[in-house]
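Below is one structure; the comments refer to it alone.
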Amino acid sequence: MSDSPAGVTLSFGDGATLHERVAAGLRRTLRDEEVQPGMELPTAGQVAEHLGVNVNTALRAYRALASEGLVELRRGHGPRVLQPPEMVRVHELANELAREAARQGLSRGELVALVLDHG
C-alpha cells in the first residue's frame, strides 16, 4: 500500500472538517484493505497529492490516527500501521460517539458513565 495511496478517498460527513474527512478516508482504507501491523502507509505528501489537499491537512489526518493508536508517525518514514484493521471500526464509532456527546453537551465524565452503564 505504501507505493500508492490509490485506495484513499475523501469521506463526506455532516459538518466534518477537511482533515477529519481525510482521516475517515484513511480509516476506511485501513479497514477495507489487507493491511497488517507494521505495514508502511503512503506519506502525507502522497496522500495530499492524490486527494488534492494541502500536505498539512493530510499530516493532521495522520496525527488523528496516531492519537487513536492506529498508526505510528516517524520523521523520514511513512506512517506505519499499529492496530489490527478490525480495530479501526471501533475507533470510528468511539470518535463518532464522542463528537455526538459533545454536541449534546455531555461532559467526558458523563459520557464515560453512560458507556459504563451500558457495558
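Letters for chains follow the order of the C-alpha cells (A, B, ...), residue numbers begin at 1 for each chain, and ligand numbers begin at 1 in the order shown.
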DSSP helix (DSSP H, G or I) selection over region 84-114 of chain A, as JSON, numbers by chain: {"A": [86, 87, 88, 89, 90, 91, 92, 93, 94, 95, 96, 97, 98, 99, 100, 101, 102, 103, 108, 109, 110, 111, 112, 113, 114]}
Write a file of the just-selected residues containing N, CA and C atoms, as a PDB file, in the first residue's frame.
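Saved as out.pdb:
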ATOM      1  N   GLU A  86      -9.204  -4.571  12.192  1.00  0.00           N
ATOM      2  CA  GLU A  86     -10.544  -4.716  12.752  1.00  0.00           C
ATOM      3  C   GLU A  86     -10.815  -3.702  13.865  1.00  0.00           C
ATOM      4  N   MET A  87      -9.771  -3.115  14.442  1.00  0.00           N
ATOM      5  CA  MET A  87      -9.955  -2.113  15.490  1.00  0.00           C
ATOM      6  C   MET A  87     -10.326  -0.744  14.921  1.00  0.00           C
ATOM      7  N   VAL A  88     -10.137  -0.567  13.638  1.00  0.00           N
ATOM      8  CA  VAL A  88     -10.422   0.726  13.026  1.00  0.00           C
ATOM      9  C   VAL A  88     -11.883   1.104  13.220  1.00  0.00           C
ATOM     10  N   ARG A  89     -12.796   0.172  13.016  1.00  0.00           N
ATOM     11  CA  ARG A  89     -14.225   0.472  13.152  1.00  0.00           C
ATOM     12  C   ARG A  89     -14.565   0.845  14.588  1.00  0.00           C
ATOM     13  N   VAL A  90     -13.940   0.199  15.545  1.00  0.00           N
ATOM     14  CA  VAL A  90     -14.174   0.524  16.950  1.00  0.00           C
ATOM     15  C   VAL A  90     -13.774   1.970  17.214  1.00  0.00           C
ATOM     16  N   HIS A  91     -12.616   2.385  16.688  1.00  0.00           N
ATOM     17  CA  HIS A  91     -12.167   3.765  16.866  1.00  0.00           C
ATOM     18  C   HIS A  91     -13.101   4.750  16.162  1.00  0.00           C
ATOM     19  N   GLU A  92     -13.579   4.380  14.973  1.00  0.00           N
ATOM     20  CA  GLU A  92     -14.530   5.244  14.267  1.00  0.00           C
ATOM     21  C   GLU A  92     -15.779   5.473  15.107  1.00  0.00           C
ATOM     22  N   LEU A  93     -16.312   4.394  15.668  1.00  0.00           N
ATOM     23  CA  LEU A  93     -17.524   4.503  16.478  1.00  0.00           C
ATOM     24  C   LEU A  93     -17.283   5.305  17.747  1.00  0.00           C
ATOM     25  N   ALA A  94     -16.133   5.099  18.379  1.00  0.00           N
ATOM     26  CA  ALA A  94     -15.810   5.844  19.593  1.00  0.00           C
ATOM     27  C   ALA A  94     -15.705   7.342  19.288  1.00  0.00           C
ATOM     28  N   ASN A  95     -15.064   7.688  18.178  1.00  0.00           N
ATOM     29  CA  ASN A  95     -14.947   9.098  17.800  1.00  0.00           C
ATOM     30  C   ASN A  95     -16.309   9.697  17.471  1.00  0.00           C
ATOM     31  N   GLU A  96     -17.124   8.934  16.776  1.00  0.00           N
ATOM     32  CA  GLU A  96     -18.468   9.410  16.448  1.00  0.00           C
ATOM     33  C   GLU A  96     -19.284   9.641  17.720  1.00  0.00           C
ATOM     34  N   LEU A  97     -19.184   8.715  18.662  1.00  0.00           N
ATOM     35  CA  LEU A  97     -19.896   8.845  19.930  1.00  0.00           C
ATOM     36  C   LEU A  97     -19.404  10.076  20.706  1.00  0.00           C
ATOM     37  N   ALA A  98     -18.096  10.282  20.738  1.00  0.00           N
ATOM     38  CA  ALA A  98     -17.544  11.427  21.460  1.00  0.00           C
ATOM     39  C   ALA A  98     -18.001  12.749  20.842  1.00  0.00           C
ATOM     40  N   ARG A  99     -18.022  12.818  19.506  1.00  0.00           N
ATOM     41  CA  ARG A  99     -18.487  14.045  18.835  1.00  0.00           C
ATOM     42  C   ARG A  99     -19.960  14.305  19.133  1.00  0.00           C
ATOM     43  N   GLU A 100     -20.770  13.251  19.068  1.00  0.00           N
ATOM     44  CA  GLU A 100     -22.204  13.419  19.328  1.00  0.00           C
ATOM     45  C   GLU A 100     -22.449  13.809  20.780  1.00  0.00           C
ATOM     46  N   ALA A 101     -21.713  13.211  21.705  1.00  0.00           N
ATOM     47  CA  ALA A 101     -21.861  13.563  23.118  1.00  0.00           C
ATOM     48  C   ALA A 101     -21.510  15.034  23.335  1.00  0.00           C
ATOM     49  N   ALA A 102     -20.462  15.503  22.680  1.00  0.00           N
ATOM     50  CA  ALA A 102     -20.079  16.917  22.797  1.00  0.00           C
ATOM     51  C   ALA A 102     -21.175  17.816  22.237  1.00  0.00           C
ATOM     52  N   ARG A 103     -21.761  17.415  21.109  1.00  0.00           N
ATOM     53  CA  ARG A 103     -22.857  18.207  20.527  1.00  0.00           C
ATOM     54  C   ARG A 103     -24.053  18.256  21.471  1.00  0.00           C
ATOM     55  N   ARG A 108     -17.068  14.745  29.445  1.00  0.00           N
ATOM     56  CA  ARG A 108     -16.343  13.493  29.261  1.00  0.00           C
ATOM     57  C   ARG A 108     -16.729  12.475  30.347  1.00  0.00           C
ATOM     58  N   GLY A 109     -16.807  12.941  31.572  1.00  0.00           N
ATOM     59  CA  GLY A 109     -17.189  12.075  32.683  1.00  0.00           C
ATOM     60  C   GLY A 109     -18.587  11.500  32.520  1.00  0.00           C
ATOM     61  N   GLU A 110     -19.521  12.349  32.060  1.00  0.00           N
ATOM     62  CA  GLU A 110     -20.888  11.868  31.828  1.00  0.00           C
ATOM     63  C   GLU A 110     -20.919  10.813  30.726  1.00  0.00           C
ATOM     64  N   LEU A 111     -20.123  11.032  29.684  1.00  0.00           N
ATOM     65  CA  LEU A 111     -20.059  10.062  28.589  1.00  0.00           C
ATOM     66  C   LEU A 111     -19.491   8.733  29.080  1.00  0.00           C
ATOM     67  N   VAL A 112     -18.407   8.793  29.847  1.00  0.00           N
ATOM     68  CA  VAL A 112     -17.803   7.566  30.377  1.00  0.00           C
ATOM     69  C   VAL A 112     -18.805   6.819  31.255  1.00  0.00           C
ATOM     70  N   ALA A 113     -19.499   7.543  32.122  1.00  0.00           N
ATOM     71  CA  ALA A 113     -20.501   6.904  32.990  1.00  0.00           C
ATOM     72  C   ALA A 113     -21.605   6.267  32.154  1.00  0.00           C
ATOM     73  N   LEU A 114     -22.034   6.942  31.105  1.00  0.00           N
ATOM     74  CA  LEU A 114     -23.079   6.412  30.233  1.00  0.00           C
ATOM     75  C   LEU A 114     -22.612   5.126  29.552  1.00  0.00           C
TER      76      LEU A 114
END
| said: Between CA of Glu72 (chain A) and CA of Thr43 (chain A), what is the distance in Å, rounded to a tenth? | reply: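 Pair CA of Glu72 (chain A) / CA of Thr43 (chain A) returns 11.8 Å.
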message: Could you pull out the strand (DSSP E or B) residues of region 20-118 of chain A, going by DSSP on the backbone, and write them as a PyMOL selection string?
response: chain A and resi 40+71-72+80-81
Practice problem: For region 55-62 of chain A, please output as a PyMOL selection string all residues within 7 Å (counting only C-alpha atoms; exclusion window: fewer than 4 positions along the same chain). | Solution: chain A and resi 19-20+22-23+44-45+47-48+66
Dump as a PDB file, in the first residue's frame, selection limited to C-alpha atoms:
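part_15.pdb, written as the output of this step:
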ATOM      1  CA  HIS A  19      -8.717  16.806   7.828  1.00  0.00           C
ATOM      2  CA  GLU A  20     -11.482  14.778   9.533  1.00  0.00           C
ATOM      3  CA  VAL A  22      -9.174  12.682   5.080  1.00  0.00           C
ATOM      4  CA  ALA A  23      -8.740  10.796   8.382  1.00  0.00           C
ATOM      5  CA  ALA A  44       1.263  12.594   3.965  1.00  0.00           C
ATOM      6  CA  GLY A  45       2.667  14.153   0.792  1.00  0.00           C
ATOM      7  CA  VAL A  47      -1.991  11.319   0.229  1.00  0.00           C
ATOM      8  CA  ALA A  48      -2.202  15.098  -0.191  1.00  0.00           C
ATOM      9  CA  ALA A  66      -1.731   8.348  15.566  1.00  0.00           C
TER      10      ALA A  66
END
